[in-house]
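Enquirer: Here you go, one structure.
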Amino acid sequence: MRGALSAIVALGLGIALLLLTAIAVSSYYNIRKSQDSERSVSHTHAVIAAVESLLSDIKDAETGQRGFLLTGDESYLEPFTAALSGIPFQLRNLREINSDNPAQQRRIDRIGELVRQELEFLGASIKAKRTATLSDNATLAEFGMGKRTMDGIRSIGEDMQIEERSLLAARSRESATSASHAMAVIFLGNAAGFAILAGAFWALRREVRQRERAEHSARELAAEFEDLYNNSPCGYHSVADDGTIIRMNNTELEWFGYSREEVVGKMRHPDLMTSESARYFQQQAFPLFKRQGWLKDVEFNYLRKDGSVLPASLNATAIYDDNGAYVMSRSTIFDITSRKEAAHKRKQDNAFLDSVIENIPNMLFIKDAVDLKFIRINKAGQRLLGYTQQEVAGKSDFDFFAEEEARRFTAKDREVIDGGVLADIAEETIHTRGGETRILHTQKIPVNDGSGKPLYLLGISEDVTERKRAQEQIIKLNADLEQHAFQLEVANKELESFSYSVSHDLRTPLRAVDGYSQMLSEDYADKFDDEGRRLLGIIRASSQKMSALIDDLLAFSRLGRKPVTAAAVDMRALLAEIVSSVEPAAGQKKPLIEVAPMPDVNCDRALIAQVWMNLLTNAVKFTRDKPAPRIEVGVQHQADKFTFWVKDNGAGFDMQYYRKLFGVFQRLHSDDEFPGTGVGLAIVQRIVTRHGGQVWAEGKIDEGAAFFFTLPRGELDGGTNAGGDIAGRGQQDGRRTDVACAE
């Protein structure tokens with residue numbers, strides 16, 4: 001019994017041991033299977049993460065390349081540079097973790113080749129941009145190749161992820177089954193099961209922690225990508241097939257002034273544009289985008305919420321489903337306000353410079369410093385040479401001028417470029433298209449780049465042909481004028497000599513006529529009747545008048561020879577002497593003469609005394625018929641001269657006869673009205689002009705007259721020559737004054 005019991009116990013123990021062993025084996029098997037499944041799950045996650053990381057690096061490289069191509073800013077190439085060093089590691093890592101999967105290895109081989117092609121394409125475009133060989137509008141074929149490459153990479157990556165997700169699902173189910181079996185065995189095996197469960201729990205907990213860490217890392221990475229998306233310096237958005245905005249980053253929302261709730265799912269992309277841009281987007285840009293799958297650097301004008309305009313450049317890539325149907329876009333916009341403003345400012349500056357160049361009155365031309373071919377010639381140059389800008393551009397001097405002329409111009413151009421300094425060519429002869437010979441004053445200077453290398457030759461030519469001819473004419477006229485002046489001087493001297501001789505020769509017979517007439521009147525008065533005595537009186541009066549004319553003529557002639565002796569003259573004292581010596585005619589009421597305070601003046605006292613005497617005598621004579629004759633003598637002080645005047649309220653004169661006023665023997669009144677010889681004012685004018693002054697008059701009939709003359713404030717040189725020079729200047733000034741008064 002005991003033996004049987006022992007046997008039973010032993011059997012039981014054996015069975016228990018077998019059971020425990022079976023449970024232990026089964027638990028161990030299930031635990032190992034669960035662990036393998038969990039490792040497979042982790043492996044699958046690692047593969048998916050590696051594929052996503054690889055695609056992200058390639059996208060970063062493409063984004064950096066686009067940013068650099070658009071702006072030329074090297075900082076945009078940081079993602080591209082990082083991708084160059086990171087992508088090979090990503091490929092090796094992907095290959096290592098898929099070493100047990102031949103299908104994935106083949107995909108990795110294909111994706112590696114496509115990645116290499118894409119990086120070469122991106123590198124080539126960056127290099128072309130740096131060397132300025134990339135056109136602003138790249139060909140569709142080049143960018144199409146880049147898109148096809150990226151589509152191939154994404155397609156292979158998606159295939160790898162799809163396979164890994166399929167494996168992940170199967171392995172997850174297998175892992176769950178193994179865990180359930182393990183728990184059942186643990187519960188059936190009591191302590192052994194508990195131990196196995198505890199071990200499995202510990203193993204599972206460790207795996208869960210690892211998974212949590214992986215998921216936390218994935219969340220951090222996703223948050224980082226989301227932050228990069230939302231706070232990128234450019235705007236990002238996506239639009240659905242009908243143009244509805246389904247996503248937009250914070251940067252773009254801030255630009256437009258909207259909240260995400262106002263835009264996403266509620267507004268269409270054209271709703272954010274001006275009417276013109278919206279029409280272009282709907283009718284042309286968006287349909288083209290959905291067909292070809294991309295847009296590059298298309299400019300639109302967007303409307304902010306406050307109504308202001310935001311100019312932006314749009315780049316977009318289309319996403320299609322497996323059937324090739326459009327799903328949504330991935331779009332990037334860049335604020336080009338500053339670029340637009342800079343372009344507008346540059347356009348304004350260029351327009352201003354063009355206007356300045358084209359409106360310079362002299363010929364301006366620009367040549368290439370290497371081959372000396374014309375690049376530009378302004379309107380003045382076109383008019384001068386007779387060639388248009390289109391005819392001149394790209395041609396040299398040899399295409400327009402004779403060979404000798406062209407060689408001379410070219411040699412001077414080379415000299416200027418080699419010397420690097422301004423060349424001033426006072427005169428150079430040039431023949432125009434019409435065969436006309438012109439004389440130019442030309443200046444040429446090289447225009448260098450920042451390193452001092454000459455790029456252009458700038459020339460400015462002034463047509464001095466007419467000036468040159470005028471100078472030659474002036475020289476000829478001056479020579480003729482000098483000859484004429486010499487002849488005039490000789491004639492004046494001869495005329496003065498003639499006048500002096502005639503006057504002296506006439507005085508003797510006139511004295512005889514007057515003397516014999518007087519003798520007849522005294523000794524034979526009783527022999528004549530009244531008519532005879534009247535005729536005898538006319539003979540005497542005529543001879544006396546003729547004698548007075550001769551005396552005045554001699555006085556006028558002497559003024560041309562008498563030197564002007566300048567000295568300080570007390571004009572007040574001089575006028576006091578003159579006023580006291582002026583006597584009214586018999587029966588005439590003595591006029592009231594008012595004299596203002598007078599300055600001291602440098603002049604010839606005797607000659608100026610004659611001026612005052614003649615002017616005051618005339619004023620007294622022409623006021624004789626006035627019941628209250630009045631004469632005013634005054635002066636005006638000016639910066640460089642004194643202006644004196646004598647005004648009266650007498651008979652006056654008609655201004656239309658003004659030009660006769662200062663002529664010799666020119667009178668505006670008859671002898672019956674006011675006797676005189678007509679030489680007094682001519683003497684006044686000659687004296688004043690010899691002092692360097694001017695004389696003019698104003699008057700109205702029966703309302704009086706005013707006579708003005710000026711004397712300079714400066715010192716006067718004494719002597720005949722000085723007087724002659726002063727007289728010449730005064731006469732010229734007097735002629736100008738006469739015209740002004742006549743008008």
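Ligands are numbered from 1 in the order shown, residues from 1 within each chain, and chains are lettered A, B, ... in the order they appear in the structure tokens.
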From a DSSP pass on the backbone, collect the residues of region 304-511 of chain A flagged as alpha helix (DSSP H) and hand them back as a PyMOL selection string.
Expert: chain A and resi 337-359+379-385+389-392+403-419+465-511
Enquirer: Would you kindly return, as a list in words, each protein, DNA or RNA residue with an atom no farther than 12 Å from any atom of Arg260 (chain A), considering only C-alpha atoms and excluding same-chain residues fewer than 6 positions away?
Expert: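 Here the qualifying residues turn out to be Asn230, His237, Ile245, Ile246, Arg247, Met248, Asn249, Asn250, Thr251, Glu252, Leu253, Glu254, Lys266 and Met267 of chain A.
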Enquirer: Just checking: using only C-alpha atoms, which residue out of A:Arg469, A:Arg630, A:Arg572, A:Arg686 ends up closest to Gln610 (chain A)?
Expert: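 Smallest distance to Gln610 (chain A) is found for A:Arg686.
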Enquirer: Mind checking which residues fall within 12 Å of Asp242 (chain A), counting only C-alpha atoms, ignoring those fewer than 3 positions away in the same chain, and posting them as a list in words?
Expert: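 Here the answer would be Ser238, Val239, Ile245, Ile246, Gly265, Lys266, Met267, Arg268, His269, Pro270, Gln282, Phe286, Pro287, Lys290, Tyr326, Val327, Met328 and Ser329 of chain A.
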Enquirer: Keeping only N, CA and C atoms, write the selected residues to a file as an mmCIF file, in the first residue's frame.
Expert:
data_model
loop_
_atom_site.group_PDB
_atom_site.id
_atom_site.type_symbol
_atom_site.label_atom_id
_atom_site.label_comp_id
_atom_site.auth_asym_id
_atom_site.auth_seq_id
_atom_site.Cartn_x
_atom_site.Cartn_y
_atom_site.Cartn_z
ATOM 1 N N SER A 238 -1.901 72.516 -47.770
ATOM 2 C CA SER A 238 -2.333 71.453 -48.672
ATOM 3 C C SER A 238 -3.767 71.742 -49.073
ATOM 4 N N VAL A 239 -4.082 71.459 -50.347
ATOM 5 C CA VAL A 239 -5.437 71.684 -50.838
ATOM 6 C C VAL A 239 -5.980 70.395 -51.428
ATOM 7 N N ILE A 245 -8.754 74.129 -48.599
ATOM 8 C CA ILE A 245 -7.527 74.034 -47.802
ATOM 9 C C ILE A 245 -7.763 73.027 -46.683
ATOM 10 N N ILE A 246 -6.926 71.992 -46.649
ATOM 11 C CA ILE A 246 -7.089 70.961 -45.622
ATOM 12 C C ILE A 246 -5.972 71.015 -44.588
ATOM 13 N N GLY A 265 -10.560 73.619 -43.985
ATOM 14 C CA GLY A 265 -11.840 72.982 -44.245
ATOM 15 C C GLY A 265 -12.960 73.944 -44.572
ATOM 16 N N LYS A 266 -12.714 75.268 -44.521
ATOM 17 C CA LYS A 266 -13.776 76.246 -44.738
ATOM 18 C C LYS A 266 -13.490 77.180 -45.915
ATOM 19 N N MET A 267 -12.243 77.352 -46.242
ATOM 20 C CA MET A 267 -11.891 78.270 -47.327
ATOM 21 C C MET A 267 -11.177 77.502 -48.431
ATOM 22 N N ARG A 268 -11.406 77.958 -49.664
ATOM 23 C CA ARG A 268 -10.684 77.409 -50.795
ATOM 24 C C ARG A 268 -9.458 78.279 -51.064
ATOM 25 N N HIS A 269 -8.470 77.669 -51.679
ATOM 26 C CA HIS A 269 -7.219 78.398 -51.904
ATOM 27 C C HIS A 269 -7.431 79.707 -52.678
ATOM 28 N N PRO A 270 -8.266 79.726 -53.729
ATOM 29 C CA PRO A 270 -8.469 80.995 -54.442
ATOM 30 C C PRO A 270 -9.156 82.062 -53.604
ATOM 31 N N GLN A 282 -7.691 79.322 -60.839
ATOM 32 C CA GLN A 282 -8.779 78.390 -61.117
ATOM 33 C C GLN A 282 -8.798 77.952 -62.580
ATOM 34 N N PHE A 286 -4.273 75.716 -61.436
ATOM 35 C CA PHE A 286 -4.690 74.526 -60.698
ATOM 36 C C PHE A 286 -4.971 73.344 -61.630
ATOM 37 N N PRO A 287 -5.688 73.525 -62.754
ATOM 38 C CA PRO A 287 -5.855 72.389 -63.675
ATOM 39 C C PRO A 287 -4.525 71.860 -64.205
ATOM 40 N N LYS A 290 -2.798 69.783 -61.426
ATOM 41 C CA LYS A 290 -3.338 68.435 -61.217
ATOM 42 C C LYS A 290 -2.953 67.491 -62.354
ATOM 43 N N TYR A 326 -5.883 62.370 -58.153
ATOM 44 C CA TYR A 326 -5.336 63.430 -57.297
ATOM 45 C C TYR A 326 -5.945 63.347 -55.910
ATOM 46 N N VAL A 327 -5.093 63.441 -54.886
ATOM 47 C CA VAL A 327 -5.553 63.388 -53.501
ATOM 48 C C VAL A 327 -5.460 64.768 -52.868
ATOM 49 N N MET A 328 -4.245 65.315 -52.842
ATOM 50 C CA MET A 328 -4.037 66.640 -52.253
ATOM 51 C C MET A 328 -2.677 67.162 -52.706
ATOM 52 N N SER A 329 -2.413 68.383 -52.313
ATOM 53 C CA SER A 329 -1.134 68.998 -52.673
ATOM 54 C C SER A 329 -0.273 69.178 -51.437
#
Enquirer: Excluding Gly157 (chain A) and its own-chain neighbours fewer than 3 positions away, which residues fall within 8 Å of it when counting only C-alpha atoms? Please give them as an MDAnalysis selection string.
Expert: chainID A and resid 51:52 55 111 153:154 160:161
Enquirer: Produce a file of the selected residues containing N, CA and C atoms, as a PDB file, in the first residue's frame.
Expert:
ATOM      1  N   VAL A  51      12.970  53.630 -42.766  1.00  0.00           N
ATOM      2  CA  VAL A  51      12.475  54.071 -44.084  1.00  0.00           C
ATOM      3  C   VAL A  51      11.979  55.505 -43.994  1.00  0.00           C
ATOM      4  N   GLU A  52      11.200  55.809 -42.939  1.00  0.00           N
ATOM      5  CA  GLU A  52      10.676  57.181 -42.782  1.00  0.00           C
ATOM      6  C   GLU A  52      11.811  58.179 -42.601  1.00  0.00           C
ATOM      7  N   LEU A  55      13.423  58.733 -46.050  1.00  0.00           N
ATOM      8  CA  LEU A  55      12.573  59.601 -46.883  1.00  0.00           C
ATOM      9  C   LEU A  55      12.601  61.042 -46.377  1.00  0.00           C
ATOM     10  N   ILE A 111      16.128  51.411 -54.143  1.00  0.00           N
ATOM     11  CA  ILE A 111      15.982  52.741 -53.528  1.00  0.00           C
ATOM     12  C   ILE A 111      17.335  53.425 -53.375  1.00  0.00           C
ATOM     13  N   ILE A 153      11.373  56.742 -55.309  1.00  0.00           N
ATOM     14  CA  ILE A 153      11.872  56.523 -53.933  1.00  0.00           C
ATOM     15  C   ILE A 153      10.700  56.360 -52.977  1.00  0.00           C
ATOM     16  N   ARG A 154       9.697  57.267 -53.106  1.00  0.00           N
ATOM     17  CA  ARG A 154       8.544  57.183 -52.204  1.00  0.00           C
ATOM     18  C   ARG A 154       7.797  55.862 -52.426  1.00  0.00           C
ATOM     19  N   MET A 160       8.072  49.042 -48.903  1.00  0.00           N
ATOM     20  CA  MET A 160       8.778  48.462 -47.745  1.00  0.00           C
ATOM     21  C   MET A 160       7.955  48.624 -46.477  1.00  0.00           C
ATOM     22  N   GLN A 161       7.329  49.777 -46.321  1.00  0.00           N
ATOM     23  CA  GLN A 161       6.533  49.998 -45.108  1.00  0.00           C
ATOM     24  C   GLN A 161       5.294  49.110 -45.107  1.00  0.00           C
TER      25      GLN A 161
END
Enquirer: So, counting only C-alpha atoms, which residue among A:Ile58, A:Ile97, A:Val646, A:Ile360 is closest to Val620 (chain A)?
Expert: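 Nearest to Val620 (chain A): A:Val646.
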